[in-house]
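As provided, model-v8.cif (mmCIF, C-alpha atoms (C1' of nucleotides)) reads as follows.
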data_run
loop_
_atom_site.label_atom_id
_atom_site.label_comp_id
_atom_site.auth_asym_id
_atom_site.auth_seq_id
_atom_site.Cartn_x
_atom_site.Cartn_y
_atom_site.Cartn_z
CA MET A 2 100.97 85.72 119.81
CA ALA A 3 104.11 86.87 118.10
CA PRO A 4 105.04 84.70 115.14
CA LYS A 5 108.56 84.72 113.76
CA LEU A 6 109.14 87.81 111.73
CA HIS A 7 112.09 88.74 109.64
CA LEU A 8 112.05 92.38 108.69
CA GLN A 9 114.59 93.66 106.27
CA ILE A 10 115.46 97.29 105.61
CA ASP A 11 117.68 98.32 102.74
CA ASP A 12 119.17 101.74 103.31
CA ARG A 13 120.61 102.05 99.83
CA SER A 14 117.44 101.25 97.94
CA GLY A 15 116.08 104.78 98.15
CA VAL A 16 112.70 103.45 99.20
CA PRO A 17 111.46 105.30 102.30
CA VAL A 18 112.10 103.23 105.40
CA TYR A 19 108.55 103.53 106.67
CA ARG A 20 107.33 102.23 103.34
CA GLN A 21 109.60 99.21 103.43
CA MET A 22 108.24 98.37 106.87
CA MET A 23 104.65 98.82 105.75
CA ASP A 24 105.04 96.57 102.74
CA GLN A 25 106.59 93.79 104.74
CA PHE A 26 103.89 93.78 107.41
CA ILE A 27 101.27 93.70 104.68
CA TYR A 28 103.01 90.79 103.01
CA TYR A 29 103.18 88.91 106.30
CA VAL A 30 99.45 89.37 106.77
CA ALA A 31 98.81 88.35 103.18
CA GLY A 32 100.93 85.26 103.58
CA GLY A 33 99.15 84.31 106.80
CA THR A 34 102.14 84.56 109.10
CA LEU A 35 100.55 87.46 110.91
CA ARG A 36 96.90 87.03 111.88
CA PRO A 37 94.30 89.39 113.35
CA GLY A 38 94.93 89.99 117.04
CA ASP A 39 98.63 89.21 116.90
CA GLN A 40 100.79 91.66 118.76
CA ILE A 41 103.53 93.22 116.70
CA PRO A 42 106.75 94.80 118.04
CA SER A 43 106.35 98.03 119.97
CA ILE A 44 107.41 101.23 118.27
CA ARG A 45 110.52 101.57 120.42
CA GLU A 46 111.50 97.93 120.16
CA LEU A 47 111.26 97.87 116.40
CA ALA A 48 113.04 101.20 116.08
CA ALA A 49 115.88 100.02 118.31
CA ALA A 50 116.19 96.69 116.53
CA LEU A 51 116.36 98.28 113.12
CA GLY A 52 118.41 101.25 114.18
CA VAL A 53 115.92 103.80 112.94
CA ASN A 54 114.14 106.64 114.63
CA PRO A 55 110.96 105.76 116.55
CA THR A 56 109.17 108.46 114.60
CA THR A 57 109.75 106.48 111.45
CA VAL A 58 108.12 103.39 112.94
CA VAL A 59 105.26 105.59 114.14
CA LYS A 60 104.72 106.71 110.57
CA ALA A 61 104.65 103.14 109.31
CA TYR A 62 102.22 101.99 112.01
CA THR A 63 100.02 105.05 111.55
CA GLU A 64 99.76 104.48 107.82
CA LEU A 65 99.06 100.79 108.41
CA GLU A 66 96.35 101.80 110.84
CA ARG A 67 94.80 104.11 108.27
CA ALA A 68 94.88 101.23 105.81
CA GLY A 69 93.10 99.02 108.34
CA PHE A 70 95.92 96.55 108.91
CA VAL A 71 97.04 97.64 112.37
CA GLU A 72 95.56 98.87 115.62
CA LYS A 73 97.63 100.92 118.05
CA ARG A 74 96.55 101.01 121.69
CA HIS A 75 97.98 103.71 123.89
CA GLY A 76 100.05 102.15 126.65
CA LYS A 77 99.42 98.60 125.40
CA GLY A 78 101.16 98.14 122.12
CA ALA A 79 100.35 97.56 118.49
CA PHE A 80 98.31 94.71 117.05
CA ILE A 81 97.11 93.33 113.76
CA ALA A 82 93.61 94.73 113.24
CA ALA A 83 90.67 92.42 113.84
CA ASN A 84 89.46 92.79 110.28
CA ALA A 85 92.79 93.08 108.55
CA GLN A 86 92.10 91.94 105.04
CA ALA A 87 94.67 89.78 103.38
CA LEU A 88 95.55 90.79 99.86
CA THR A 89 93.72 89.00 97.10
CA THR A 90 95.64 86.42 95.14
CA ALA A 91 95.81 88.83 92.24
CA GLU A 92 97.25 91.56 94.44
CA GLN A 93 99.85 89.20 95.82
CA GLU A 94 100.90 88.22 92.34
CA ASP A 95 101.02 91.87 91.36
CA ALA A 96 103.38 92.60 94.22
CA LEU A 97 105.60 89.71 93.25
CA ARG A 98 105.50 90.67 89.60
CA ARG A 99 106.58 94.20 90.32
CA ALA A 100 109.71 92.99 92.08
CA ALA A 101 110.32 90.49 89.31
CA LYS A 102 109.96 93.16 86.65
CA GLN A 103 112.44 95.38 88.43
CA LEU A 104 114.88 92.49 88.46
CA ALA A 105 114.24 91.69 84.81
CA VAL A 106 114.80 95.27 83.69
CA GLU A 107 118.10 95.46 85.53
CA ALA A 108 119.25 92.10 84.28
CA THR A 109 118.39 92.97 80.69
CA GLN A 110 120.20 96.28 80.82
CA LEU A 111 123.20 94.48 82.28
CA HIS A 112 123.11 91.89 79.50
CA MET A 113 122.77 89.08 82.00
CA SER A 114 121.70 85.69 80.72
CA THR A 115 118.41 84.21 81.87
CA PRO A 116 119.99 81.15 83.54
CA LYS A 117 122.35 83.41 85.46
CA VAL A 118 119.45 85.46 86.76
CA ILE A 119 117.47 82.38 87.72
CA ASP A 120 120.49 81.01 89.54
CA VAL A 121 120.87 84.11 91.66
CA VAL A 122 117.17 84.15 92.49
CA ARG A 123 117.34 80.49 93.56
CA GLU A 124 120.31 81.29 95.76
CA GLU A 125 118.61 84.18 97.49
CA LEU A 126 115.43 82.20 98.04
CA GLY A 127 117.47 79.37 99.51
CA ALA A 128 119.40 81.70 101.77
CA LEU A 129 116.17 82.98 103.28
CA SER A 130 114.60 79.60 103.93
CA THR A 131 117.63 78.07 105.65
CA ASP A 132 117.82 81.29 107.59
CA ARG A 133 114.31 80.79 108.82
CA ALA A 134 114.93 77.19 109.84
CA ALA A 135 117.87 78.13 112.05
CA ASP A 136 115.95 80.98 113.57
CA GLU A 137 114.84 80.66 117.17
CA ALA A 138 114.18 84.21 118.17
CA PRO A 139 110.54 85.28 117.89
CA VAL A 140 111.44 88.32 115.87
CA LYS A 141 114.40 88.86 113.63
CA PHE A 142 115.54 92.02 111.98
CA ALA A 143 118.11 92.86 109.43
CA VAL A 144 119.49 96.00 107.94
CA MET A 145 121.38 96.14 104.69
CA ASN A 146 123.79 98.94 105.29
CA GLY A 147 125.44 98.17 102.06
CA GLY A 148 129.19 98.13 101.77
CA ARG A 149 130.04 100.15 98.70
CA MET U 21 125.19 107.06 67.93
CA ALA U 22 122.01 106.43 69.84
CA PRO U 23 121.50 102.74 70.63
CA LYS U 24 118.08 101.42 71.55
CA LEU U 25 117.25 102.30 75.08
CA HIS U 26 114.34 101.22 77.15
CA LEU U 27 114.01 103.30 80.27
CA GLN U 28 111.46 102.32 82.82
CA ILE U 29 110.21 104.45 85.71
CA ASP U 30 108.04 103.02 88.46
CA ASP U 31 106.12 105.76 90.24
CA ARG U 32 104.86 103.50 92.98
CA SER U 33 108.18 102.07 93.99
CA GLY U 34 109.11 104.99 96.21
CA VAL U 35 112.57 105.12 94.69
CA PRO U 36 113.41 108.68 93.64
CA VAL U 37 112.86 109.15 89.92
CA TYR U 38 116.28 110.65 89.31
CA ARG U 39 117.84 107.62 91.00
CA GLN U 40 115.93 105.17 88.83
CA MET U 41 117.18 106.99 85.75
CA MET U 42 120.76 107.02 87.02
CA ASP U 43 120.79 103.32 87.76
CA GLN U 44 119.48 102.40 84.37
CA PHE U 45 122.00 104.49 82.47
CA ILE U 46 124.76 102.96 84.56
CA TYR U 47 123.47 99.48 83.81
CA TYR U 48 123.35 100.24 80.10
CA VAL U 49 126.96 101.36 80.20
CA ALA U 50 127.92 98.32 82.25
CA GLY U 51 126.17 96.02 79.81
CA GLY U 52 127.86 97.65 76.83
CA THR U 53 124.72 98.98 75.17
CA LEU U 54 125.86 102.54 75.80
CA ARG U 55 129.46 103.29 74.90
CA PRO U 56 131.67 106.36 75.46
CA GLY U 57 130.76 109.16 73.07
CA ASP U 58 127.18 107.99 72.54
CA GLN U 59 124.65 110.79 72.70
CA ILE U 60 121.85 110.26 75.18
CA PRO U 61 118.42 111.92 75.09
CA SER U 62 118.31 115.63 75.79
CA ILE U 63 117.01 116.78 79.15
CA ARG U 64 113.76 118.05 77.70
CA GLU U 65 113.22 115.07 75.43
CA LEU U 66 113.68 112.58 78.23
CA ALA U 67 111.56 114.63 80.62
CA ALA U 68 108.74 114.85 78.09
CA ALA U 69 108.91 111.17 77.20
CA LEU U 70 108.75 110.11 80.84
CA GLY U 71 106.33 112.80 81.91
CA VAL U 72 108.56 114.24 84.60
CA ASN U 73 109.94 117.67 85.23
CA PRO U 74 113.11 118.60 83.32
CA THR U 75 114.75 119.52 86.61
CA THR U 76 114.50 115.92 87.66
CA VAL U 77 116.38 114.79 84.59
CA VAL U 78 118.91 117.54 85.22
CA LYS U 79 119.51 116.07 88.65
CA ALA U 80 120.05 112.60 87.24
CA TYR U 81 122.43 113.82 84.55
CA THR U 82 124.30 116.05 86.98
CA GLU U 83 124.82 113.18 89.41
CA LEU U 84 125.89 110.92 86.56
CA GLU U 85 128.34 113.62 85.51
CA ARG U 86 129.75 113.81 89.02
CA ALA U 87 130.14 110.04 88.93
CA GLY U 88 132.02 110.28 85.64
CA PHE U 89 129.47 108.51 83.47
CA VAL U 90 128.04 111.45 81.55
CA GLU U 91 129.20 114.70 79.99
CA LYS U 92 126.77 117.56 79.42
CA ARG U 93 127.61 120.17 76.78
CA HIS U 94 125.70 123.43 76.85
CA GLY U 95 123.71 123.82 73.66
CA LYS U 96 124.84 120.48 72.27
CA GLY U 97 123.37 117.74 74.36
CA ALA U 98 124.44 115.04 76.78
CA PHE U 99 126.87 112.21 76.06
CA ILE U 100 128.40 109.18 77.66
CA ALA U 101 131.72 110.31 79.10
CA ALA U 102 134.88 109.38 77.21
CA ASN U 103 136.27 107.46 80.15
CA ALA U 104 133.01 106.10 81.56
CA GLN U 105 134.05 103.03 83.46
CA ALA U 106 131.86 100.01 83.20
CA LEU U 107 131.07 98.35 86.50
CA THR U 108 133.27 95.46 87.48
CA THR U 109 131.78 92.00 87.17
CA ALA U 110 131.47 91.86 90.93
CA GLU U 111 129.59 95.15 91.02
CA GLN U 112 127.22 93.98 88.32
CA GLU U 113 126.49 90.83 90.23
CA ASP U 114 125.97 92.87 93.38
CA ALA U 115 123.38 94.99 91.62
CA LEU U 116 121.58 91.93 90.33
CA ARG U 117 121.76 90.25 93.72
CA ARG U 118 120.23 93.20 95.47
CA ALA U 119 117.18 93.09 93.22
CA ALA U 120 117.00 89.33 93.61
CA LYS U 121 117.16 89.60 97.38
CA GLN U 122 114.34 92.11 97.39
CA LEU U 123 112.28 89.70 95.35
CA ALA U 124 113.17 86.78 97.60
CA VAL U 125 112.20 88.62 100.78
CA GLU U 126 108.82 89.57 99.35
CA ALA U 127 108.17 86.12 98.01
CA THR U 128 109.06 84.50 101.32
CA GLN U 129 106.83 86.81 103.30
CA LEU U 130 104.02 86.09 100.87
CA HIS U 131 104.56 82.33 101.25
CA MET U 132 105.16 81.93 97.54
CA SER U 133 106.71 78.71 96.32
CA THR U 134 110.10 78.79 94.64
CA PRO U 135 108.83 77.43 91.29
CA LYS U 136 106.13 80.06 91.24
CA VAL U 137 108.69 82.80 91.74
CA ILE U 138 110.99 81.39 89.09
CA ASP U 139 108.07 81.22 86.69
CA VAL U 140 107.22 84.86 87.12
CA VAL U 141 110.85 85.89 86.70
CA ARG U 142 111.07 83.87 83.49
CA GLU U 143 107.92 85.54 82.25
CA GLU U 144 109.17 89.03 82.92
CA LEU U 145 112.53 88.33 81.34
CA GLY U 146 110.79 86.94 78.28
CA ALA U 147 108.46 89.92 78.04
CA LEU U 148 111.42 92.27 77.90
CA SER U 149 113.34 90.39 75.21
CA THR U 150 110.40 90.02 72.80
CA ASP U 151 109.69 93.66 73.51
CA ARG U 152 113.16 94.57 72.37
CA ALA U 153 112.91 92.51 69.21
CA ALA U 154 109.75 94.28 68.08
CA ASP U 155 111.24 97.65 68.93
CA GLU U 156 112.17 99.92 66.06
CA ALA U 157 112.37 103.31 67.71
CA PRO U 158 115.87 104.35 68.77
CA VAL U 159 114.72 105.13 72.28
CA LYS U 160 111.84 103.69 74.17
CA PHE U 161 110.40 104.78 77.46
CA ALA U 162 107.90 103.38 79.85
CA VAL U 163 106.24 104.56 82.98
CA MET U 164 104.51 102.31 85.44
CA ASN U 165 101.77 104.51 86.72
CA GLY U 166 100.40 101.64 88.65
CA GLY U 167 96.70 101.09 88.91
CA ARG U 168 95.98 100.55 92.56
"C1'" DC O 27 94.54 104.09 148.82
"C1'" DC O 28 98.39 106.25 146.76
"C1'" DG O 29 102.91 106.97 144.68
"C1'" DT O 30 106.39 105.28 141.65
"C1'" DG O 31 108.49 102.78 137.81
"C1'" DT O 32 108.46 101.03 133.34
"C1'" DG O 33 106.30 99.95 129.59
"C1'" DT O 34 103.41 102.00 125.82
"C1'" DG O 35 101.89 105.62 122.06
"C1'" DT O 36 101.54 111.10 120.99
"C1'" DG O 37 102.91 115.50 119.31
"C1'" DG O 38 105.77 119.59 117.99
"C1'" DC O 39 109.94 121.23 115.90
"C1'" DT O 40 113.90 120.98 112.74
"C1'" DG O 41 117.04 119.79 108.85
"C1'" DT O 42 117.47 117.54 104.52
"C1'" DC O 43 116.09 116.03 100.11
"C1'" DA O 44 112.94 115.21 95.82
"C1'" DT O 45 110.06 117.36 92.72
"C1'" DC O 46 108.13 120.93 90.16
"C1'" DA O 47 107.74 125.59 87.77
"C1'" DA O 48 109.59 129.29 85.43
"C1'" DA O 49 113.00 132.35 83.96
"C1'" DC O 50 117.90 132.47 82.11
"C1'" DA O 51 121.86 131.49 78.76
"C1'" DG O 52 124.85 129.00 75.10
"C1'" DC O 53 124.96 126.82 70.26
"C1'" DA O 54 123.89 126.23 65.34
"C1'" DG O 55 121.41 126.38 61.07
"C1'" DA O 56 117.97 129.15 57.98
"C1'" DT T 2 119.43 138.07 62.87
"C1'" DC T 3 116.12 134.94 64.05
"C1'" DT T 4 114.47 130.63 65.42
"C1'" DG T 5 114.72 126.43 67.69
"C1'" DC T 6 117.32 123.48 69.75
"C1'" DT T 7 120.37 122.67 73.85
"C1'" DG T 8 121.82 122.98 79.08
"C1'" DT T 9 121.57 126.33 83.64
"C1'" DT T 10 119.83 128.44 87.62
"C1'" DT T 11 116.74 129.89 91.44
"C1'" DG T 12 112.84 129.57 94.35
"C1'" DA T 13 108.70 127.22 96.29
"C1'" DT T 14 106.45 123.08 98.05
"C1'" DG T 15 106.00 118.88 100.17
"C1'" DA T 16 107.80 114.35 101.83
"C1'" DC T 17 111.10 111.99 104.91
"C1'" DA T 18 113.41 111.18 109.13
"C1'" DG T 19 115.57 112.66 113.16
"C1'" DC T 20 115.43 114.83 118.21
"C1'" DC T 21 112.95 115.60 122.44
"C1'" DA T 22 109.44 116.40 125.77
"C1'" DC T 23 104.72 114.78 126.99
"C1'" DA T 24 100.58 111.61 128.14
"C1'" DC T 25 98.34 107.12 128.97
"C1'" DA T 26 98.18 102.08 131.03
"C1'" DC T 27 99.44 98.80 134.10
"C1'" DA T 28 102.00 96.46 137.97
"C1'" DC T 29 104.24 96.81 142.22
"C1'" DG T 30 105.31 98.32 147.04
"C1'" DG T 31 104.18 101.22 150.57
#
What do you get writing this file as structure tokens?
Amino acid sequence: MAPKLHLQIDDRSGVPVYRQMMDQFIYYVAGGTLRPGDQIPSIRELAAALGVNPTTVVKAYTELERAGFVEKRHGKGAFIAANAQALTTAEQEDALRRAAKQLAVEATQLHMSTPKVIDVVREELGALSTDRAADEAPVKFAVMNGGR
Amino acid sequence: MAPKLHLQIDDRSGVPVYRQMMDQFIYYVAGGTLRPGDQIPSIRELAAALGVNPTTVVKAYTELERAGFVEKRHGKGAFIAANAQALTTAEQEDALRRAAKQLAVEATQLHMSTPKVIDVVREELGALSTDRAADEAPVKFAVMNGGR
DNA sequence: CCGTGTGTGTGGCTGTCATCAAACAGCAGA
DNA sequence: TCTGCTGTTTGATGACAGCCACACACACGG
């Protein structure tokens, strides 16, 4: 019912928290990890785990509901909508490309070499996959508080 | 005086516009493209080029001034501060790593393969460098309006 | 059958911040 | 001086996120 999730919120990014949550649920549906009917964390549980206000989670779930990805049931919980449409392949690539472009722009402005950038990307990808292997909890959360 | 800049604003990202501008100026200083004393685009010029309100640019420049990167001179223009400190190598790598992590999280949630991700990153890096080669204007701007 | 407890989502109110719009003020060359 | 550039300031609007009290659903024990 509840596949292994790994939600990540970056406080320093400037991206609204509710939007970060939305995106990640959508990506999980697109990638097939979350399927129609699956129960997702309750508003309070997710809020507590991420250290954000329940209202913020409400906003994310409400928007996801409007978009047809999620169904909230009073007193029961929240679920992936029966007819939640996965993103098309093109849309998935678009999403990936946007993040890649962001990275490329930064790297270019910083005068970073291509191999250096590729290295870092490889590292981060690797960190996530080993992470997932060692993971036993049904749901995992992370917050990047940032340590500047 | 005015090196070739290539500022990029992504409306859909959710990141405040003034913050996107700040980051990119900082990266240009860090990478050595912008050096102390260099004049940067006037508030109105930049606002017009990016299609945002001048007040937004004011906010970016004001914050950059507070951070010691920029000096505004009434009636004259805006300049890179005399003692603008480039980021340390560690800070530069941090910035790059943050963008890479963001990409990795998305890719993982979308079930994208590592080679696929690397490919896209290579593509985007390449697109930017050829872009720069063909560029003759002293300053270049781009806005990702996004076409959802 | 009913009350109570614990889970769930709902809604109103408040403070802060991002953006825009428009009016204000300094600088320099014709 | 006048014109056209520059940065400066103030106010309005809407988005974001936090606090707090309320309402529904279900299971349990009387």
For the interface of chain U with chain O (cut-off 9 Å, counting all atoms listed in the file), please tabulate each contacting residue of chain U alongside its nearest pair of atoms and their separation in Å to one decimal, rows sorted by chain and increasing number, as a Markdown table.
| residue | atom | partner | partner_atom | distance |
| --- | --- | --- | --- | --- |
| U:Pro36 | CA | O:DA44 | C1' | 6.9 |
| U:Val37 | CA | O:DA44 | C1' | 8.5 |
| U:Tyr38 | CA | O:DA44 | C1' | 8.6 |
| U:Val72 | CA | O:DC46 | C1' | 8.7 |
| U:Asn73 | CA | O:DC46 | C1' | 6.2 |
| U:Pro74 | CA | O:DC46 | C1' | 8.8 |
| U:Thr75 | CA | O:DC46 | C1' | 7.6 |
| U:Thr76 | CA | O:DT45 | C1' | 6.9 |
| U:His94 | CA | O:DG52 | C1' | 5.9 |
| U:Gly95 | CA | O:DC53 | C1' | 4.7 |
| U:Lys96 | CA | O:DC53 | C1' | 6.7 |
Exactly which residues make up the result of the PyMOL selection byres ((chain U) within 12 of (chain T)) on this file, given as a list in words?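 This file, filtered by the PyMOL selection byres ((chain U) within 12 of (chain T)), leaves Gly34, Pro36, Pro61, Ser62, Ile63, Arg64, Glu65, Pro74, Thr75, Val77, Val78, Lys79, Tyr81, Thr82, Glu91, Lys92, Arg93, His94, Gly95, Lys96, Gly97 and Ala98 of chain U.
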Quick check: residues of chain U within 7 Å of chain A, all atoms listed in the file, returned as a PyMOL selection string. chain U and resi 34-36+47-48+50-51+116-117+119-121+123-124+126-127+129-131+138+140-141+144-145
Find the distance between atom CA of U:Leu70 and atom CA of U:Phe99 and write it in Å to one decimal.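 Computing the Euclidean distance for atom CA of U:Leu70 and atom CA of U:Phe99 yields 18.9 Å.
Atom CA of U:Ala80 to atom CA of U:Ala110 spans 24.0 Å [interatomic distance, one decimal].
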Between atom CA of A:Ala85 and atom CA of A:Met22, what is the distance, to one decimal in Å?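 Pair atom CA of A:Ala85 / atom CA of A:Met22 returns 16.4 Å.
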Emit a file covering stretch 27-52 of chain O of the preceding structure with C-alpha atoms (C1' of nucleotides), as an mmCIF file, in the first residue's frame.
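The resulting file, part.cif, is shown below:
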data_model
loop_
_atom_site.group_PDB
_atom_site.id
_atom_site.type_symbol
_atom_site.label_atom_id
_atom_site.label_comp_id
_atom_site.auth_asym_id
_atom_site.auth_seq_id
_atom_site.Cartn_x
_atom_site.Cartn_y
_atom_site.Cartn_z
ATOM 1 C "C1'" DC O 27 -27.044 1.505 22.056
ATOM 2 C "C1'" DC O 28 -24.093 5.136 23.407
ATOM 3 C "C1'" DG O 29 -19.979 7.679 24.810
ATOM 4 C "C1'" DT O 30 -15.140 8.326 24.295
ATOM 5 C "C1'" DG O 31 -10.591 8.340 22.137
ATOM 6 C "C1'" DT O 32 -7.664 8.825 18.358
ATOM 7 C "C1'" DG O 33 -6.993 9.100 13.956
ATOM 8 C "C1'" DT O 34 -8.250 11.939 9.819
ATOM 9 C "C1'" DG O 35 -9.166 16.440 6.909
ATOM 10 C "C1'" DT O 36 -11.325 21.594 7.162
ATOM 11 C "C1'" DG O 37 -11.416 26.461 7.780
ATOM 12 C "C1'" DG O 38 -10.415 31.218 9.510
ATOM 13 C "C1'" DC O 39 -6.974 34.483 10.908
ATOM 14 C "C1'" DT O 40 -2.333 36.542 10.932
ATOM 15 C "C1'" DG O 41 2.440 37.934 9.683
ATOM 16 C "C1'" DT O 42 5.862 38.021 6.174
ATOM 17 C "C1'" DC O 43 7.626 38.394 1.662
ATOM 18 C "C1'" DA O 44 7.706 38.927 -3.697
ATOM 19 C "C1'" DT O 45 6.084 41.557 -7.304
ATOM 20 C "C1'" DC O 46 4.299 45.388 -9.583
ATOM 21 C "C1'" DA O 47 3.110 50.413 -10.532
ATOM 22 C "C1'" DA O 48 4.010 55.072 -10.273
ATOM 23 C "C1'" DA O 49 5.954 59.121 -8.556
ATOM 24 C "C1'" DC O 50 10.503 61.120 -6.874
ATOM 25 C "C1'" DA O 51 15.545 62.636 -7.167
ATOM 26 C "C1'" DG O 52 20.682 62.767 -8.645
#
